[in-house]
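S.K.: Starting off with a structure, shown below.
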Amino acid sequence: MSGRRDGARELLGRCRFPPAGTRVDCAFSGGADSTALLVLATAAGCHVTALHVDHGLRPESAAEAAQARVLATTLGVDFRLLTVNVAPGPNLEARARAARLATLPAGAMTGHTADDRAETVLINLLRGSGLDGLTAMSPDPTRPLLALRRDETRRLCAERGLRPVVDPSNSDARFVRNRVRGELLPLMADISDRDVVPLLLRTADTLGDDLEWLDTAAATIDPTDARQLATAPLALARRAVRRWLSVEGYPPDVATVQRVLAVAGGRRLACEITGGRRVERHHQRLRVVPASPIASVDGMGSSGEC
């Protein structure tokens with residue numbers, strides 16, 4: 001028993017939980033990472049509510065929810081079952097994640113680890129992300145386990161005699177993250193003959209420091225002033241546009257930013273952006289307006305701005 005307590009205490013020293021007595025919501029799939037999250041949050045003295053989201057995508061999900069409830073009860077924490085409907089189809093992984101995040105209350109903690117962060121760096125690199133994506137899951141109060149490794153959460157569960165839920169979708173090769181986890185990271189480790197996760201995290205932290213400086217400098221630029229945007233250093237102009245057009249914390253992709261800068265520089269009159277919106281230039285000012293199907297087809301004439 002003392003060995004188990006010592007293991008949890010050692011891990012707690014690298015976690016970021018709020019003061020003892022704080023009420024916290026924890027996203028709880030029942031897997032090893034989220035089970036370790038409950039163990040450690042409880043050990044930190046927090047009053048924990050485990051929130052299990054059932055997407056209803058597989059027949060086994062109801063049984064997994066029941067198993068998660070038993071685990072939460074064993075750990076002495078409150079349990080709530082949340083259900084969402086995610087239709088099968090393209091981008092299933094992203095849509096399921098979005099539905100889960102929309103269902104969880106603001107500030108809910110997750111069991112993301114250092115390995116999750118490294119995977120996200122690679123996934124965002126494959127998607128052509130800018131600096132925001134490559135900094136990937138920077139430390140945040142909602143991710144208290146971010147300094148831990150996945151094998152440590154599994155070991156903690158084993159020490160406590162806990163049997164986490166095994167989600168078969170975590171080995172489904174249809175999902176990019178699973179292939180990055182099961183194929184790409186092991187290949188990189190084999191090629192470099194070392195554990196590459198710390199290297200990826202060091203890169204993410206370094207880029208995060210650079211990004212903080214860029215954001216401070218870009219805050220002096222008015223992204224709606226086409227002339228100012230067109231004459232600013234390119235790195236700052238990009239940051240200003242990304243800050244301006246971010247939606248709920250999600251910045252536009254690199255291609256969108258490039259199109260907007262082309263509008264600011266006079267190489268295009270307007271361009272489409274995500275969310276059914278459009279950026280137009282009028283008297284050297286940029287503005288966001290609802291996209292017009294007629295304008296996007298006929299309004300640009302031979303210059304081909306959109």
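By order in the structure tokens, chains are A, B, ...; within a chain, residues start at 1; ligands start at 1, following the order shown.
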Could you please write out, as JSON, numbers by chain, every residue of range 30-228 of chain A that DSSP assigns to helix (DSSP H, G or I)?
M.R.: {"A": [32, 33, 34, 35, 36, 37, 38, 39, 40, 41, 42, 43, 61, 62, 63, 64, 65, 66, 67, 68, 69, 70, 71, 72, 73, 74, 92, 93, 94, 95, 96, 97, 98, 99, 100, 101, 102, 103, 114, 115, 116, 117, 118, 119, 120, 121, 122, 123, 124, 125, 126, 131, 132, 133, 134, 135, 150, 151, 152, 153, 154, 155, 156, 157, 158, 159, 168, 169, 170, 171, 176, 177, 178, 179, 180, 181, 182, 183, 184, 185, 186, 187, 188, 189, 190, 191, 192, 197, 198, 199, 200, 201, 202, 203, 204, 205, 206, 207, 208, 209, 210, 211, 212, 213, 214, 215, 216, 217, 218, 226, 227, 228]}
S.K.: If you keep C-alpha atoms, can you produce a file of those selected residues as a JSON list (two decimals), in the first residue's frame?
M.R.:
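In the end it all went to again-v3.json:
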```
[["chain", "number", "residue", "atom", "x", "y", "z"],
["A", 32, "ALA", "CA", -5.63, 4.79, -18.12],
["A", 33, "ASP", "CA", -4.90, 8.49, -18.54],
["A", 34, "SER", "CA", -8.28, 9.73, -17.32],
["A", 35, "THR", "CA", -8.34, 7.13, -14.54],
["A", 36, "ALA", "CA", -4.95, 8.39, -13.38],
["A", 37, "LEU", "CA", -6.40, 11.91, -13.55],
["A", 38, "LEU", "CA", -9.10, 10.92, -11.05],
["A", 39, "VAL", "CA", -6.59, 9.17, -8.77],
["A", 40, "LEU", "CA", -4.23, 12.15, -8.74],
["A", 41, "ALA", "CA", -6.94, 14.83, -8.46],
["A", 42, "THR", "CA", -8.33, 12.97, -5.45],
["A", 43, "ALA", "CA", -4.85, 12.58, -3.96],
["A", 61, "SER", "CA", -20.18, 2.26, -25.64],
["A", 62, "ALA", "CA", -23.00, 1.68, -23.12],
["A", 63, "ALA", "CA", -21.05, -1.15, -21.47],
["A", 64, "GLU", "CA", -17.93, 1.03, -21.39],
["A", 65, "ALA", "CA", -19.91, 3.81, -19.72],
["A", 66, "ALA", "CA", -21.10, 1.33, -17.09],
["A", 67, "GLN", "CA", -17.51, 0.19, -16.51],
["A", 68, "ALA", "CA", -16.42, 3.82, -16.18],
["A", 69, "ARG", "CA", -19.14, 4.39, -13.57],
["A", 70, "VAL", "CA", -17.85, 1.43, -11.53],
["A", 71, "LEU", "CA", -14.30, 2.78, -11.71],
["A", 72, "ALA", "CA", -15.42, 6.22, -10.53],
["A", 73, "THR", "CA", -17.38, 4.67, -7.67],
["A", 74, "THR", "CA", -14.34, 2.60, -6.68],
["A", 92, "LEU", "CA", -15.38, 11.45, -37.60],
["A", 93, "GLU", "CA", -12.43, 11.89, -35.25],
["A", 94, "ALA", "CA", -12.56, 15.69, -35.39],
["A", 95, "ARG", "CA", -16.35, 15.84, -35.14],
["A", 96, "ALA", "CA", -16.42, 13.51, -32.15],
["A", 97, "ARG", "CA", -13.77, 15.60, -30.41],
["A", 98, "ALA", "CA", -15.69, 18.81, -31.11],
["A", 99, "ALA", "CA", -18.92, 17.29, -29.80],
["A", 100, "ARG", "CA", -17.16, 16.11, -26.65],
["A", 101, "LEU", "CA", -15.62, 19.51, -25.98],
["A", 102, "ALA", "CA", -18.96, 21.25, -26.55],
["A", 103, "THR", "CA", -20.63, 18.94, -24.02],
["A", 114, "ALA", "CA", 3.26, 14.59, -22.68],
["A", 115, "ASP", "CA", 2.76, 11.82, -25.26],
["A", 116, "ASP", "CA", -0.55, 13.35, -26.36],
["A", 117, "ARG", "CA", 1.17, 16.69, -26.78],
["A", 118, "ALA", "CA", 3.96, 15.21, -28.90],
["A", 119, "GLU", "CA", 1.39, 13.45, -31.09],
["A", 120, "THR", "CA", -0.47, 16.72, -31.56],
["A", 121, "VAL", "CA", 2.72, 18.48, -32.68],
["A", 122, "LEU", "CA", 3.18, 15.88, -35.42],
["A", 123, "ILE", "CA", -0.49, 15.87, -36.43],
["A", 124, "ASN", "CA", -0.51, 19.65, -36.78],
["A", 125, "LEU", "CA", 2.74, 19.53, -38.75],
["A", 126, "LEU", "CA", 1.15, 17.04, -41.16],
["A", 131, "LEU", "CA", 3.16, 28.20, -35.04],
["A", 132, "ASP", "CA", -0.05, 27.89, -33.02],
["A", 133, "GLY", "CA", -0.41, 24.24, -33.93],
["A", 134, "LEU", "CA", 3.26, 23.44, -33.42],
["A", 135, "THR", "CA", 3.23, 24.76, -29.86],
["A", 150, "ARG", "CA", 1.57, 7.65, -20.76],
["A", 151, "ASP", "CA", 3.47, 4.71, -19.31],
["A", 152, "GLU", "CA", 3.39, 6.47, -15.92],
["A", 153, "THR", "CA", -0.40, 6.74, -15.91],
["A", 154, "ARG", "CA", -0.68, 3.08, -16.84],
["A", 155, "ARG", "CA", 1.75, 2.12, -14.09],
["A", 156, "LEU", "CA", -0.23, 4.13, -11.54],
["A", 157, "CYS", "CA", -3.43, 2.30, -12.50],
["A", 158, "ALA", "CA", -1.65, -1.04, -12.19],
["A", 159, "GLU", "CA", -0.27, -0.10, -8.77],
["A", 168, "PRO", "CA", -10.96, -0.31, -29.39],
["A", 169, "SER", "CA", -11.23, 2.90, -31.41],
["A", 170, "ASN", "CA", -7.82, 3.89, -29.97],
["A", 171, "SER", "CA", -6.23, 1.30, -32.27],
["A", 176, "VAL", "CA", -4.70, 9.95, -37.90],
["A", 177, "ARG", "CA", -3.77, 10.16, -34.23],
["A", 178, "ASN", "CA", -3.71, 6.39, -33.89],
["A", 179, "ARG", "CA", -1.35, 6.02, -36.83],
["A", 180, "VAL", "CA", 0.90, 8.78, -35.49],
["A", 181, "ARG", "CA", 0.93, 7.02, -32.11],
["A", 182, "GLY", "CA", 1.34, 3.47, -33.38],
["A", 183, "GLU", "CA", 3.43, 3.96, -36.52],
["A", 184, "LEU", "CA", 5.04, 7.37, -36.94],
["A", 185, "LEU", "CA", 6.41, 7.94, -33.43],
["A", 186, "PRO", "CA", 7.91, 4.42, -33.18],
["A", 187, "LEU", "CA", 9.49, 4.88, -36.61],
["A", 188, "MET", "CA", 11.00, 8.22, -35.58],
["A", 189, "ALA", "CA", 12.33, 6.64, -32.39],
["A", 190, "ASP", "CA", 13.86, 3.80, -34.41],
["A", 191, "ILE", "CA", 15.50, 6.16, -36.93],
["A", 192, "SER", "CA", 16.91, 8.48, -34.25],
["A", 197, "VAL", "CA", 8.83, 12.80, -27.33],
["A", 198, "PRO", "CA", 11.10, 15.04, -25.20],
["A", 199, "LEU", "CA", 12.62, 16.49, -28.39],
["A", 200, "LEU", "CA", 9.21, 17.35, -29.82],
["A", 201, "LEU", "CA", 8.13, 18.94, -26.55],
["A", 202, "ARG", "CA", 11.33, 20.99, -26.34],
["A", 203, "THR", "CA", 10.63, 22.29, -29.84],
["A", 204, "ALA", "CA", 7.04, 23.12, -28.91],
["A", 205, "ASP", "CA", 8.18, 25.02, -25.80],
["A", 206, "THR", "CA", 10.79, 26.97, -27.77],
["A", 207, "LEU", "CA", 8.25, 27.91, -30.42],
["A", 208, "GLY", "CA", 5.84, 28.90, -27.66],
["A", 209, "ASP", "CA", 8.34, 31.43, -26.32],
["A", 210, "ASP", "CA", 8.81, 32.84, -29.82],
["A", 211, "LEU", "CA", 5.06, 32.95, -30.32],
["A", 212, "GLU", "CA", 4.55, 34.93, -27.13],
["A", 213, "TRP", "CA", 6.93, 37.62, -28.38],
["A", 214, "LEU", "CA", 5.29, 37.66, -31.83],
["A", 215, "ASP", "CA", 1.85, 38.08, -30.29],
["A", 216, "THR", "CA", 3.02, 41.02, -28.21],
["A", 217, "ALA", "CA", 4.56, 42.71, -31.26],
["A", 218, "ALA", "CA", 1.60, 41.91, -33.53],
["A", 226, "ALA", "CA", -4.71, 47.28, -45.32],
["A", 227, "ARG", "CA", -1.76, 49.63, -45.78],
["A", 228, "GLN", "CA", -0.36, 48.93, -42.31]]
```
S.K.: Could you work out how far CA of Val48 in chain A lies from CA of Val24 in chain A, giving the answer in Å with one decimal?
M.R.: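 Between CA of Val24 in chain A and CA of Val48 in chain A the gap is 5.2 Å.
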S.K.: How would you write, as a list in words, the set of residues in range 26-158 of chain A that DSSP gives as strand (DSSP E or B)?
M.R.: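 Taking range 26-158 of chain A and keeping strand (DSSP E or B) only, one gets Cys26, Ala27, His47, Val48, Thr49, Ala50, Leu51, His52, Val53, Asp54, Asp78, Phe79, Arg80, Leu81, Leu82, Thr83 and Met109 of chain A.
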S.K.: Any idea what the distance is between CA of Leu11 in chain A and CA of Val53 in chain A?
M.R.: 26.2 Å
S.K.: From the options A:Arg267, A:Arg285, A:His52, A:His47, which residue's atoms come nearest to Val165 in chain A, counting only C-alpha atoms?
M.R.: A:His52
S.K.: For Ala237 in chain A, work out the shell of residues within 12 Å, counting only C-alpha atoms and skipping chain neighbours fewer than 6 positions away, then give it as an NGL selection string.
M.R.: :A and (214-215 or 217-231 or 243-244 or 257-258 or 260-262 or 264-265)
S.K.: Only C-alpha atoms, please: the residues just picked out, written as a PDB file, in the first residue's frame.
M.R.:
```pdb
ATOM      1  CA  LEU A 214       5.293  37.663 -31.826  1.00  0.00           C
ATOM      2  CA  ASP A 215       1.847  38.082 -30.291  1.00  0.00           C
ATOM      3  CA  ALA A 217       4.565  42.711 -31.261  1.00  0.00           C
ATOM      4  CA  ALA A 218       1.598  41.908 -33.529  1.00  0.00           C
ATOM      5  CA  ALA A 219      -0.813  43.524 -31.066  1.00  0.00           C
ATOM      6  CA  THR A 220       0.449  46.921 -32.273  1.00  0.00           C
ATOM      7  CA  ILE A 221      -0.813  46.245 -35.820  1.00  0.00           C
ATOM      8  CA  ASP A 222      -4.376  47.078 -36.865  1.00  0.00           C
ATOM      9  CA  PRO A 223      -5.322  44.112 -39.078  1.00  0.00           C
ATOM     10  CA  THR A 224      -8.173  46.071 -40.655  1.00  0.00           C
ATOM     11  CA  ASP A 225      -5.725  48.714 -41.955  1.00  0.00           C
ATOM     12  CA  ALA A 226      -4.705  47.279 -45.323  1.00  0.00           C
ATOM     13  CA  ARG A 227      -1.763  49.626 -45.775  1.00  0.00           C
ATOM     14  CA  GLN A 228      -0.359  48.933 -42.307  1.00  0.00           C
ATOM     15  CA  LEU A 229      -0.832  45.193 -42.751  1.00  0.00           C
ATOM     16  CA  ALA A 230       0.830  45.173 -46.178  1.00  0.00           C
ATOM     17  CA  THR A 231       3.918  47.059 -44.973  1.00  0.00           C
ATOM     18  CA  ARG A 243      -5.461  37.066 -33.937  1.00  0.00           C
ATOM     19  CA  TRP A 244      -8.153  38.997 -35.814  1.00  0.00           C
ATOM     20  CA  VAL A 257      -3.961  34.000 -43.811  1.00  0.00           C
ATOM     21  CA  GLN A 258      -2.105  34.156 -47.117  1.00  0.00           C
ATOM     22  CA  VAL A 260      -6.124  37.817 -46.547  1.00  0.00           C
ATOM     23  CA  LEU A 261      -2.630  39.258 -46.898  1.00  0.00           C
ATOM     24  CA  ALA A 262      -3.069  39.192 -50.668  1.00  0.00           C
ATOM     25  CA  ALA A 264      -4.332  43.719 -47.944  1.00  0.00           C
ATOM     26  CA  GLY A 265      -1.538  44.007 -50.502  1.00  0.00           C
TER      27      GLY A 265
END
```
S.K.: Smallest atom-to-atom distance to Tyr250 in chain A: which of A:Gly130, A:Gly107, A:Gly13, A:Gly7, using only C-alpha atoms?
M.R.: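 Among the listed residues, A:Gly130 lies closest to Tyr250 in chain A.
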S.K.: Quick one: residues within 8 Å of Arg278 in chain A, only C-alpha atoms, excluding same-chain residues fewer than 3 positions away - as a PyMOL selection string?
M.R.: chain A and resi 270-273+288-292
S.K.: For the selection just defined, write its residues with C-alpha atoms to a file, as an mmCIF file, in the first residue's frame.
M.R.:
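The result, written out as out10.cif:
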```cif
data_model
loop_
_atom_site.group_PDB
_atom_site.id
_atom_site.type_symbol
_atom_site.label_atom_id
_atom_site.label_comp_id
_atom_site.auth_asym_id
_atom_site.auth_seq_id
_atom_site.Cartn_x
_atom_site.Cartn_y
_atom_site.Cartn_z
ATOM 1 C CA ALA A 270 -11.566 39.936 -51.568
ATOM 2 C CA CYS A 271 -11.307 36.338 -50.444
ATOM 3 C CA GLU A 272 -13.390 33.674 -48.801
ATOM 4 C CA ILE A 273 -12.520 32.552 -45.276
ATOM 5 C CA VAL A 288 -15.364 40.699 -42.588
ATOM 6 C CA VAL A 289 -18.770 40.190 -44.194
ATOM 7 C CA PRO A 290 -21.003 37.182 -44.862
ATOM 8 C CA ALA A 291 -19.905 35.307 -47.968
ATOM 9 C CA SER A 292 -22.011 36.018 -51.026
#
```
S.K.: Please, what distance in Å, to one decimal, runs between CA of Ala106 in chain A and CA of Arg80 in chain A?
M.R.: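 Computed distance, CA of Ala106 in chain A to CA of Arg80 in chain A, equals 15.3 Å.
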S.K.: Please list as a list in words every residue within 7 Å of His55 in chain A, counting only C-alpha atoms and excluding residues in the same chain fewer than 3 positions away.
M.R.: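 The filter keeps Thr83, Val84, Asn85 and Val86 of chain A.
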S.K.: Produce a file of the selected residues containing N, CA and C atoms, as a PDB file, in the first residue's frame.
M.R.:
```
ATOM      1  N   THR A  83     -24.350  12.361 -22.903  1.00  0.00           N
ATOM      2  CA  THR A  83     -24.497  11.710 -24.198  1.00  0.00           C
ATOM      3  C   THR A  83     -24.536  12.744 -25.308  1.00  0.00           C
ATOM      4  N   VAL A  84     -23.911  12.401 -26.421  1.00  0.00           N
ATOM      5  CA  VAL A  84     -23.927  13.252 -27.608  1.00  0.00           C
ATOM      6  C   VAL A  84     -24.208  12.379 -28.816  1.00  0.00           C
ATOM      7  N   ASN A  85     -24.706  12.985 -29.861  1.00  0.00           N
ATOM      8  CA  ASN A  85     -24.971  12.267 -31.106  1.00  0.00           C
ATOM      9  C   ASN A  85     -23.987  12.717 -32.164  1.00  0.00           C
ATOM     10  N   VAL A  86     -23.177  11.788 -32.662  1.00  0.00           N
ATOM     11  CA  VAL A  86     -22.217  12.070 -33.730  1.00  0.00           C
ATOM     12  C   VAL A  86     -22.501  11.092 -34.864  1.00  0.00           C
TER      13      VAL A  86
END
```
